[in-house]
$ cat input_19.pdb   # PDB, C-alpha atoms, pLDDT in the B column
ATOM      1  CA  MET A 469      31.175  -6.503-123.434  1.00 43.00           C
ATOM      2  CA  ASN A 470      28.132  -7.509-125.453  1.00 43.00           C
ATOM      3  CA  ASN A 471      29.128  -8.686-128.921  1.00 42.00           C
ATOM      4  CA  LYS A 472      25.605  -9.572-129.975  1.00 39.00           C
ATOM      5  CA  SER A 473      24.729  -8.334-133.436  1.00 39.00           C
ATOM      6  CA  ASP A 474      22.779  -5.105-133.834  1.00 39.00           C
ATOM      7  CA  TYR A 475      20.473  -7.183-136.011  1.00 33.00           C
ATOM      8  CA  TRP A 476      19.643  -9.865-133.416  1.00 31.00           C
ATOM      9  CA  TYR A 477      15.929  -9.250-133.994  1.00 31.00           C
ATOM     10  CA  LEU A 478      16.255 -10.356-137.633  1.00 34.00           C
ATOM     11  CA  GLU A 479      17.551 -13.841-136.823  1.00 37.00           C
ATOM     12  CA  ASN A 480      14.157 -15.400-137.612  1.00 41.00           C
ATOM     13  CA  VAL A 481      13.365 -13.192-140.613  1.00 48.00           C
ATOM     14  CA  ASP A 482      14.343 -14.311-144.119  1.00 58.00           C
ATOM     15  CA  LEU A 483      14.845 -10.911-145.698  1.00 63.00           C
ATOM     16  CA  HIS A 484      16.126 -12.450-148.923  1.00 66.00           C
ATOM     17  CA  ALA A 485      12.890 -14.384-149.349  1.00 64.00           C
ATOM     18  CA  LEU A 486      10.954 -11.246-148.455  1.00 65.00           C
ATOM     19  CA  PHE A 487      12.582  -8.888-150.951  1.00 70.00           C
ATOM     20  CA  CYS A 488      13.735 -11.201-153.728  1.00 68.00           C
ATOM     21  CA  PRO A 489      11.495 -13.272-156.030  1.00 54.00           C
ATOM     22  CA  ILE A 490      12.519 -16.668-154.637  1.00 45.00           C
ATOM     23  CA  ALA A 491       9.751 -18.016-152.366  1.00 38.00           C
ATOM     24  CA  MET A 492       7.960 -14.654-152.537  1.00 45.00           C
ATOM     25  CA  SER A 493       4.254 -14.367-151.886  1.00 48.00           C
ATOM     26  CA  GLU A 494       2.061 -12.309-154.202  1.00 49.00           C
ATOM     27  CA  LEU A 495       1.351  -9.955-151.323  1.00 47.00           C
ATOM     28  CA  THR A 496       4.671  -8.154-151.436  1.00 49.00           C
ATOM     29  CA  HIS A 497       4.733  -7.449-155.207  1.00 52.00           C
ATOM     30  CA  PRO A 498       8.514  -7.646-155.644  1.00 54.00           C
ATOM     31  CA  SER A 499      10.442  -6.183-158.539  1.00 64.00           C
ATOM     32  CA  GLU A 500      13.058  -8.175-160.386  1.00 76.00           C
ATOM     33  CA  PRO A 501      16.559  -7.892-158.904  1.00 85.00           C
ATOM     34  CA  LYS A 502      18.540  -5.130-160.549  1.00 91.00           C
ATOM     35  CA  LYS A 503      22.278  -5.082-161.117  1.00 95.00           C
ATOM     36  CA  TYR A 504      24.338  -1.930-160.724  1.00 97.00           C
ATOM     37  CA  GLN A 505      27.928  -1.407-161.800  1.00 97.00           C
ATOM     38  CA  LYS A 506      30.523   0.327-159.633  1.00 95.00           C
ATOM     39  CA  GLY A 507      29.662   4.018-159.406  1.00 95.00           C
ATOM     40  CA  ASP A 508      26.030   3.652-160.475  1.00 97.00           C
ATOM     41  CA  PHE A 509      23.518   5.580-158.371  1.00 97.00           C
ATOM     42  CA  ILE A 510      20.454   3.733-157.095  1.00 96.00           C
ATOM     43  CA  TYR A 511      18.663   6.900-156.045  1.00 96.00           C
ATOM     44  CA  PHE A 512      19.502  10.573-155.563  1.00 95.00           C
ATOM     45  CA  PRO A 513      18.571  13.171-152.937  1.00 93.00           C
ATOM     46  CA  ASP A 514      15.054  14.508-153.575  1.00 93.00           C
ATOM     47  CA  ASP A 515      13.972  11.391-155.489  1.00 95.00           C
ATOM     48  CA  LYS A 516      10.584  10.176-154.280  1.00 94.00           C
ATOM     49  CA  THR A 517      10.665   7.420-151.664  1.00 93.00           C
ATOM     50  CA  THR A 518       8.666   4.769-153.485  1.00 91.00           C
ATOM     51  CA  LYS A 519      10.638   1.624-152.601  1.00 91.00           C
ATOM     52  CA  VAL A 520      12.591  -0.149-149.878  1.00 90.00           C
ATOM     53  CA  TYR A 521      15.815  -1.846-150.990  1.00 92.00           C
ATOM     54  CA  PHE A 522      17.725  -4.996-150.022  1.00 89.00           C
ATOM     55  CA  VAL A 523      21.383  -5.675-150.892  1.00 91.00           C
ATOM     56  CA  GLU A 524      21.423  -9.164-152.377  1.00 90.00           C
ATOM     57  CA  ALA A 525      25.118  -8.993-153.304  1.00 92.00           C
ATOM     58  CA  GLY A 526      27.793  -6.305-153.290  1.00 93.00           C
ATOM     59  CA  ARG A 527      28.170  -3.044-151.373  1.00 92.00           C
ATOM     60  CA  VAL A 528      26.149   0.184-151.320  1.00 95.00           C
ATOM     61  CA  LYS A 529      27.294   3.594-150.099  1.00 94.00           C
ATOM     62  CA  ILE A 530      24.765   5.937-148.473  1.00 93.00           C
ATOM     63  CA  GLY A 531      25.804   9.567-148.320  1.00 91.00           C
ATOM     64  CA  SER A 532      25.182  13.219-149.046  1.00 90.00           C
ATOM     65  CA  TYR A 533      27.073  16.303-150.167  1.00 86.00           C
ATOM     66  CA  SER A 534      28.012  19.340-148.118  1.00 82.00           C
ATOM     67  CA  ALA A 535      27.381  22.894-149.306  1.00 84.00           C
ATOM     68  CA  ASP A 536      30.895  23.015-150.789  1.00 84.00           C
ATOM     69  CA  GLY A 537      30.366  19.754-152.675  1.00 82.00           C
ATOM     70  CA  LYS A 538      32.313  17.481-150.320  1.00 81.00           C
ATOM     71  CA  GLU A 539      31.024  13.917-150.127  1.00 84.00           C
ATOM     72  CA  ILE A 540      29.842  12.788-146.694  1.00 85.00           C
ATOM     73  CA  ILE A 541      29.489   9.020-146.265  1.00 87.00           C
ATOM     74  CA  LYS A 542      26.799   8.096-143.752  1.00 87.00           C
ATOM     75  CA  THR A 543      27.193   4.329-143.944  1.00 88.00           C
ATOM     76  CA  ILE A 544      28.340   1.486-146.170  1.00 89.00           C
ATOM     77  CA  LEU A 545      25.977  -1.470-146.522  1.00 89.00           C
ATOM     78  CA  HIS A 546      26.825  -5.076-147.327  1.00 87.00           C
ATOM     79  CA  THR A 547      24.927  -8.168-148.464  1.00 87.00           C
ATOM     80  CA  GLY A 548      21.745  -8.725-146.447  1.00 84.00           C
ATOM     81  CA  GLU A 549      21.167  -5.118-145.356  1.00 86.00           C
ATOM     82  CA  VAL A 550      18.134  -2.907-146.000  1.00 88.00           C
ATOM     83  CA  PHE A 551      18.076   0.757-147.034  1.00 91.00           C
ATOM     84  CA  GLY A 552      15.607   3.408-148.180  1.00 91.00           C
ATOM     85  CA  GLU A 553      13.254   2.385-145.374  1.00 88.00           C
ATOM     86  CA  MET A 554      12.469   5.911-144.134  1.00 88.00           C
ATOM     87  CA  GLY A 555       9.647   6.103-146.671  1.00 88.00           C
ATOM     88  CA  LEU A 556       7.797   3.638-144.449  1.00 88.00           C
ATOM     89  CA  ILE A 557       7.381   6.310-141.771  1.00 85.00           C
ATOM     90  CA  GLY A 558       6.284   9.125-144.055  1.00 86.00           C
ATOM     91  CA  GLN A 559       9.472  10.545-145.569  1.00 89.00           C
ATOM     92  CA  VAL A 560       8.380  11.732-149.022  1.00 92.00           C
ATOM     93  CA  THR A 561      11.798  12.185-150.679  1.00 94.00           C
ATOM     94  CA  TYR A 562      15.270  10.865-149.946  1.00 92.00           C
ATOM     95  CA  ASN A 563      17.677  13.227-148.211  1.00 90.00           C
ATOM     96  CA  GLU A 564      20.695  11.176-149.295  1.00 93.00           C
ATOM     97  CA  PHE A 565      22.074   9.256-152.251  1.00 96.00           C
ATOM     98  CA  SER A 566      22.774   5.546-152.595  1.00 96.00           C
ATOM     99  CA  GLN A 567      25.564   4.343-154.859  1.00 97.00           C
ATOM    100  CA  ALA A 568      27.002   0.936-155.778  1.00 96.00           C
ATOM    101  CA  MET A 569      30.619   0.578-154.661  1.00 93.00           C
ATOM    102  CA  GLU A 570      31.203  -2.501-156.804  1.00 93.00           C
ATOM    103  CA  GLU A 571      29.059  -4.721-158.989  1.00 96.00           C
ATOM    104  CA  THR A 572      25.943  -4.940-156.831  1.00 96.00           C
ATOM    105  CA  THR A 573      22.578  -6.691-157.039  1.00 94.00           C
ATOM    106  CA  VAL A 574      19.631  -5.029-155.307  1.00 93.00           C
ATOM    107  CA  CYS A 575      16.105  -6.321-154.691  1.00 89.00           C
ATOM    108  CA  MET A 576      13.312  -3.880-153.946  1.00 87.00           C
ATOM    109  CA  MET A 577       9.725  -3.681-152.807  1.00 86.00           C
ATOM    110  CA  ASP A 578       7.115  -0.966-153.165  1.00 88.00           C
ATOM    111  CA  ILE A 579       6.314   1.036-150.033  1.00 89.00           C
ATOM    112  CA  GLU A 580       2.645   0.104-150.438  1.00 87.00           C
ATOM    113  CA  GLY A 581       3.491  -3.608-150.436  1.00 84.00           C
ATOM    114  CA  MET A 582       5.584  -3.195-147.296  1.00 84.00           C
ATOM    115  CA  HIS A 583       2.789  -1.290-145.572  1.00 86.00           C
ATOM    116  CA  GLU A 584       0.313  -4.035-146.441  1.00 84.00           C
ATOM    117  CA  LEU A 585       2.645  -6.690-145.062  1.00 81.00           C
ATOM    118  CA  MET A 586       3.162  -4.668-141.877  1.00 83.00           C
ATOM    119  CA  ARG A 587      -0.586  -4.256-141.405  1.00 85.00           C
ATOM    120  CA  GLN A 588      -1.172  -7.977-141.707  1.00 83.00           C
ATOM    121  CA  ASN A 589       1.801  -9.115-139.603  1.00 79.00           C
ATOM    122  CA  LYS A 590       2.367  -7.297-136.308  1.00 80.00           C
ATOM    123  CA  ASP A 591       5.598  -9.162-135.587  1.00 77.00           C
ATOM    124  CA  PHE A 592       7.042  -8.139-138.930  1.00 75.00           C
ATOM    125  CA  SER A 593       5.873  -4.565-138.359  1.00 81.00           C
ATOM    126  CA  LEU A 594       7.757  -4.534-135.045  1.00 81.00           C
ATOM    127  CA  GLN A 595      10.884  -5.903-136.693  1.00 77.00           C
ATOM    128  CA  ILE A 596      10.865  -3.205-139.376  1.00 80.00           C
ATOM    129  CA  THR A 597      10.324  -0.553-136.696  1.00 83.00           C
ATOM    130  CA  GLN A 598      13.338  -1.924-134.848  1.00 81.00           C
ATOM    131  CA  ILE A 599      15.459  -1.708-138.005  1.00 79.00           C
ATOM    132  CA  ILE A 600      14.588   1.970-138.330  1.00 81.00           C
ATOM    133  CA  GLY A 601      15.122   2.647-134.629  1.00 84.00           C
ATOM    134  CA  ASN A 602      18.471   0.878-134.638  1.00 82.00           C
ATOM    135  CA  LYS A 603      19.714   2.971-137.549  1.00 80.00           C
ATOM    136  CA  LEU A 604      18.633   6.174-135.820  1.00 82.00           C
ATOM    137  CA  VAL A 605      20.505   5.123-132.667  1.00 84.00           C
ATOM    138  CA  ARG A 606      23.633   4.400-134.680  1.00 80.00           C
ATOM    139  CA  THR A 607      23.348   7.774-136.411  1.00 80.00           C
ATOM    140  CA  GLN A 608      23.032   9.519-133.039  1.00 83.00           C
ATOM    141  CA  ARG A 609      26.052   7.630-131.683  1.00 83.00           C
ATOM    142  CA  ARG A 610      28.084   8.651-134.707  1.00 81.00           C
ATOM    143  CA  LEU A 611      27.095  12.314-134.294  1.00 81.00           C
ATOM    144  CA  GLU A 612      28.076  12.221-130.613  1.00 84.00           C
ATOM    145  CA  SER A 613      31.388  10.626-131.562  1.00 83.00           C
ATOM    146  CA  LEU A 614      32.096  13.385-134.092  1.00 82.00           C
ATOM    147  CA  ILE A 615      31.352  16.054-131.482  1.00 85.00           C
ATOM    148  CA  PHE A 616      32.962  14.643-128.354  1.00 88.00           C
ATOM    149  CA  LYS A 617      35.781  12.291-129.444  1.00 91.00           C
ATOM    150  CA  ASP A 618      39.129  13.060-131.033  1.00 93.00           C
ATOM    151  CA  ALA A 619      40.177  11.616-134.382  1.00 94.00           C
ATOM    152  CA  ARG A 620      42.104   8.700-132.885  1.00 95.00           C
ATOM    153  CA  SER A 621      39.176   7.600-130.725  1.00 95.00           C
ATOM    154  CA  ARG A 622      36.726   7.909-133.631  1.00 94.00           C
ATOM    155  CA  ILE A 623      38.853   5.669-135.816  1.00 95.00           C
ATOM    156  CA  ILE A 624      39.395   3.074-133.074  1.00 96.00           C
ATOM    157  CA  GLU A 625      35.678   3.115-132.226  1.00 94.00           C
ATOM    158  CA  PHE A 626      34.899   2.532-135.903  1.00 93.00           C
ATOM    159  CA  LEU A 627      37.217  -0.486-135.994  1.00 95.00           C
ATOM    160  CA  ARG A 628      35.713  -1.850-132.780  1.00 94.00           C
ATOM    161  CA  ASP A 629      32.132  -1.469-134.022  1.00 91.00           C
ATOM    162  CA  LEU A 630      33.047  -2.967-137.399  1.00 91.00           C
ATOM    163  CA  ALA A 631      34.515  -6.033-135.681  1.00 93.00           C
ATOM    164  CA  VAL A 632      31.478  -6.472-133.422  1.00 91.00           C
ATOM    165  CA  GLN A 633      28.861  -5.934-136.141  1.00 86.00           C
ATOM    166  CA  LYS A 634      30.529  -7.561-139.159  1.00 87.00           C
ATOM    167  CA  GLY A 635      33.272  -9.757-137.745  1.00 90.00           C
ATOM    168  CA  GLN A 636      33.532 -13.510-137.349  1.00 91.00           C
ATOM    169  CA  ARG A 637      35.062 -14.805-134.120  1.00 91.00           C
ATOM    170  CA  VAL A 638      38.192 -16.923-134.407  1.00 88.00           C
ATOM    171  CA  GLY A 639      39.314 -17.718-130.865  1.00 84.00           C
ATOM    172  CA  TYR A 640      39.809 -14.374-129.130  1.00 85.00           C
ATOM    173  CA  GLU A 641      40.139 -12.580-132.458  1.00 93.00           C
ATOM    174  CA  MET A 642      37.553 -11.085-134.794  1.00 94.00           C
ATOM    175  CA  VAL A 643      37.953 -11.227-138.574  1.00 95.00           C
ATOM    176  CA  VAL A 644      36.175  -8.812-140.915  1.00 93.00           C
ATOM    177  CA  ARG A 645      36.304 -10.257-144.427  1.00 88.00           C
ATOM    178  CA  GLN A 646      35.402  -7.052-146.261  1.00 84.00           C
ATOM    179  CA  PHE A 647      37.552  -4.192-145.020  1.00 90.00           C
ATOM    180  CA  PHE A 648      37.392  -0.550-146.084  1.00 90.00           C
ATOM    181  CA  THR A 649      39.887   1.670-147.871  1.00 91.00           C
ATOM    182  CA  HIS A 650      41.639   4.290-145.773  1.00 94.00           C
ATOM    183  CA  GLN A 651      39.733   7.028-147.599  1.00 92.00           C
ATOM    184  CA  GLU A 652      36.397   5.347-146.864  1.00 90.00           C
ATOM    185  CA  ILE A 653      37.272   5.126-143.167  1.00 93.00           C
ATOM    186  CA  ALA A 654      38.300   8.784-143.229  1.00 92.00           C
ATOM    187  CA  ASN A 655      34.979   9.804-144.789  1.00 88.00           C
ATOM    188  CA  LEU A 656      33.017   7.721-142.272  1.00 89.00           C
ATOM    189  CA  THR A 657      34.891   9.078-139.236  1.00 91.00           C
ATOM    190  CA  GLY A 658      35.310  12.711-140.264  1.00 88.00           C
ATOM    191  CA  THR A 659      39.111  12.451-140.395  1.00 92.00           C
ATOM    192  CA  SER A 660      41.781  12.504-143.110  1.00 93.00           C
ATOM    193  CA  ARG A 661      43.198   9.569-145.037  1.00 95.00           C
ATOM    194  CA  GLN A 662      46.670  10.358-143.677  1.00 97.00           C
ATOM    195  CA  THR A 663      45.389  10.255-140.094  1.00 97.00           C
ATOM    196  CA  VAL A 664      43.651   6.923-140.718  1.00 97.00           C
ATOM    197  CA  THR A 665      46.814   5.436-142.231  1.00 97.00           C
ATOM    198  CA  THR A 666      48.947   6.650-139.303  1.00 97.00           C
ATOM    199  CA  ILE A 667      46.621   5.248-136.628  1.00 97.00           C
ATOM    200  CA  LEU A 668      46.100   1.919-138.392  1.00 97.00           C
ATOM    201  CA  ASN A 669      49.859   1.474-138.718  1.00 97.00           C
ATOM    202  CA  GLU A 670      50.350   2.330-135.018  1.00 97.00           C
ATOM    203  CA  LEU A 671      47.721  -0.219-133.977  1.00 97.00           C
ATOM    204  CA  ARG A 672      49.320  -2.846-136.182  1.00 96.00           C
ATOM    205  CA  ALA A 673      52.766  -2.095-134.731  1.00 96.00           C
ATOM    206  CA  ASP A 674      51.275  -2.551-131.233  1.00 96.00           C
ATOM    207  CA  ASN A 675      49.811  -5.907-132.373  1.00 95.00           C
ATOM    208  CA  MET A 676      46.270  -4.703-131.686  1.00 96.00           C
ATOM    209  CA  ILE A 677      45.129  -5.317-135.257  1.00 96.00           C
ATOM    210  CA  TYR A 678      46.279  -6.747-138.566  1.00 96.00           C
ATOM    211  CA  PHE A 679      44.907  -5.588-141.893  1.00 94.00           C
ATOM    212  CA  ASP A 680      45.411  -5.708-145.619  1.00 91.00           C
ATOM    213  CA  ARG A 681      43.289  -4.577-148.565  1.00 85.00           C
ATOM    214  CA  ARG A 682      40.802  -7.415-148.075  1.00 86.00           C
ATOM    215  CA  LYS A 683      40.390  -8.007-144.355  1.00 92.00           C
ATOM    216  CA  LEU A 684      40.759  -6.677-140.830  1.00 95.00           C
ATOM    217  CA  LEU A 685      41.816  -8.810-137.863  1.00 95.00           C
ATOM    218  CA  VAL A 686      41.157  -7.405-134.386  1.00 96.00           C
ATOM    219  CA  ARG A 687      43.289  -9.275-131.860  1.00 95.00           C
ATOM    220  CA  ASP A 688      41.155  -8.460-128.802  1.00 93.00           C
ATOM    221  CA  VAL A 689      37.989  -6.358-129.056  1.00 93.00           C
ATOM    222  CA  ASP A 690      37.949  -5.526-125.330  1.00 93.00           C
ATOM    223  CA  LYS A 691      41.545  -4.290-125.337  1.00 94.00           C
ATOM    224  CA  LEU A 692      40.841  -2.208-128.422  1.00 94.00           C
ATOM    225  CA  SER A 693      37.823  -0.683-126.667  1.00 93.00           C
ATOM    226  CA  GLU A 694      40.032   0.406-123.781  1.00 94.00           C
ATOM    227  CA  LEU A 695      41.877   2.755-126.177  1.00 94.00           C
ATOM    228  CA  ILE A 696      38.712   4.783-126.881  1.00 91.00           C
ATOM    229  CA  GLN A 697      38.712   8.007-124.878  1.00 82.00           C
TER
END

$ encode --input "input_19.pdb" --output "structure tokens"
Amino acid sequence: MNNKSDYWYLENVDLHALFCPIAMSELTHPSEPKKYQKGDFIYFPDDKTTKVYFVEAGRVKIGSYSADGKEIIKTILHTGEVFGEMGLIGQVTYNEFSQAMEETTVCMMDIEGMHELMRQNKDFSLQITQIIGNKLVRTQRRLESLIFKDARSRIIEFLRDLAVQKGQRVGYEMVVRQFFTHQEIANLTGTSRQTVTTILNELRADNMIYFDRRKLLVRDVDKLSELIQ
């Protein structure tokens, strides 16, 4: 299986230098980094899309609310990830909220500054386009998973993807240093917290994974993938 990062095309791009004031050119017109406390919202649905954001430190939750007020988590972002980028392709207002999950520092850049940089640098423009395309592909995959896979497979697929995208290889094993709560996994996979807890405990009993509140250890990614139906 291919364990290459979804962000392979960013290996030669210093996004921190791009979004944050250190080593920043005047072209991009950065704002000062802003700190958010746990629970603070960065933007709300229907806010105007005026900036693109970069997680310098911490975690950010992207989500929306259903008609009955239930929270739907679309993704959880960690240090080094970009969000709010749909304004670059013409989206006028956000259709989601972004919220700090812990003390979080965010850098940001005006849409106009990003557009100017993209006009002057075709390679960078391609890289940003690939970021957007990759996120759309992941969203489509998640939708297909919700429609066609049962709860067990959705949870196992989430663990597999988390190990591949965020994990560090240690021998045959993959370690994810920042794991999720059972409720967060439930919200991301469209399942219940009880179901997540049951399946995680079963996988641990079968020695497929080990986890605690801080980390996830996947013993063998390929063997875990074989459990997805």

$ closest_residue --input "input_19.pdb" --among "A:Thr597, A:Asp690, A:Gly548, A:Val638" --to "A:Ile624" --atoms "only C-alpha atoms"
A:Asp690

$ closest_residue --input "input_19.pdb" --among "A:Val523, A:Leu611, A:Val528, A:Met554" --to "A:Ile579" --atoms "all atoms listed in the file"
A:Met554

$ closest_residue --input "input_19.pdb" --among "A:Val560, A:Ile623, A:Val520, A:Ile653" --to "A:Thr543" --atoms "only C-alpha atoms"
A:Ile653

$ resolve_selection --input "input_19.pdb" --expression "the PyMOL selection byres ((chain A and resi 508-511) around 10)" --output "list in words"
Lys502, Lys503, Tyr504, Gln505, Lys506, Gly507, Phe512, Pro513, Asp514, Asp515, Lys516, Thr517, Tyr521, Val528, Lys529, Ile530, Gly552, Tyr562, Glu564, Phe565, Ser566, Gln567, Ala568, Met569, Glu570, Glu571, Thr572 and Val574 of chain A

$ closest_residue --input "input_19.pdb" --among "A:Glu641, A:Gly658, A:Thr666, A:Gln646" --to "A:Arg687" --atoms "all atoms listed in the file"
A:Glu641
